[in-house]
Amino acid sequence: MNLYVANDSTENNLWINQQGKGFVEQGVATGLMEGSMGIALSDFDQDLDFDLFLTHWNNESNTLYVNQGNGFNIDQTNQFNLVTFSKNKTGFGVAWLDVNQDFKDDLIVLNGAVMSIHKQRVAGDILSLKQQNQIAQ
């Protein structure tokens with residue numbers, strides 16, 4: 001089993017299992033080097049390998065890495081129209097689920113601010129960190 005670790009605002013790590021001889025970090029070598037908050041794996045494109053979705057801070061786009069099957073992953077966030085989907089939100093939790101029961105994974109992202117949102121605070125909201133959650137089908 002390999003391990004992928006989200007490191008918030010610093011580069012994530014992809015630890016490749018060396019079959020009983022420890023792990024070797026390969027995040028940069030495989031194109032998975034950015035920092036993120038949330039991680040979700042799925043074979044959403046149904047090509048028999050795991051693809052990776054990462055959530056990020058406000059004003060940063062979340063990222064969809066599509067596994068090429070050869071040890072490399074390509075950022076295809078633009079190709080799937082997911083840039084504006086997340087640009088003004090901070091993504092924390094993320095999961096792939098078949099919400100509409102069409103046998104294809106849908107992307108669910110749970111968002112929230114890390115600093116109080118002025119408009120919510122002025123309106124008297126004690127927990128002024130709310131951002132809209134999202135589903136991409």
# chains A, B, ... in the order shown; residues from 1 in each chain; ligands from 1
call {"tool": "select_by_dssp", "arguments": {"residues": "segment 14-117 of chain A", "states": "strand (DSSP E or B)", "output": "VMD selection string"}}
result
chain A and resid 14 to 17 23 to 25 38 to 42 51 to 55 63 to 67 73 to 75 91 to 97 106 to 112
call {"tool": "closest_residue", "arguments": {"among": "A:Asp105, A:Glu11, A:Glu25, A:Asp125", "to": "Asp51 of chain A", "atoms": "only C-alpha atoms"}}
result
A:Asp105
call {"tool": "select_by_dssp", "arguments": {"residues": "segment 63-98 of chain A", "states": "alpha helix (DSSP H)", "output": "PyMOL selection string"}}
result
chain A and resi 83-86
call {"tool": "closest_residue", "arguments": {"among": "A:Asn62, A:Gln76, A:Asp43, A:Ser36", "to": "Phe103 of chain A", "atoms": "only C-alpha atoms"}}
result
A:Asp43
call {"tool": "closest_residue", "arguments": {"among": "A:Ile135, A:Met1, A:Val109, A:Val114", "to": "Phe23 of chain A", "atoms": "only C-alpha atoms"}}
result
A:Met1
call {"tool": "closest_residue", "arguments": {"among": "A:Ala95, A:Ile126, A:Leu32, A:Val5", "to": "Val66 of chain A", "atoms": "only C-alpha atoms"}}
result
A:Leu32
call {"tool": "residues_around", "arguments": {"residues": "segment 128-131 of chain A", "least_positions_apart": "2", "cutoff": "8 Å", "atoms": "only C-alpha atoms", "output": "list in words"}}
result
Lys89, Thr90, Asn111, Gly112, Ala113, Val114, Met115, Ser116, Ile117, His118, Gln120, Arg121, Asp125, Ile126 and Asn133 of chain A
call {"tool": "residues_around", "arguments": {"residues": "Leu110 of chain A", "least_positions_apart": "2", "cutoff": "6 Å", "atoms": "only C-alpha atoms", "output": "number ranges by chain"}}
result
A: 91-93, 133
call {"tool": "residues_around", "arguments": {"residues": "Asp8 of chain A", "least_positions_apart": "4", "cutoff": "8 Å", "atoms": "only C-alpha atoms", "output": "list in words"}}
result
Asn12, Gly35, Ser36, Met37 and His56 of chain A
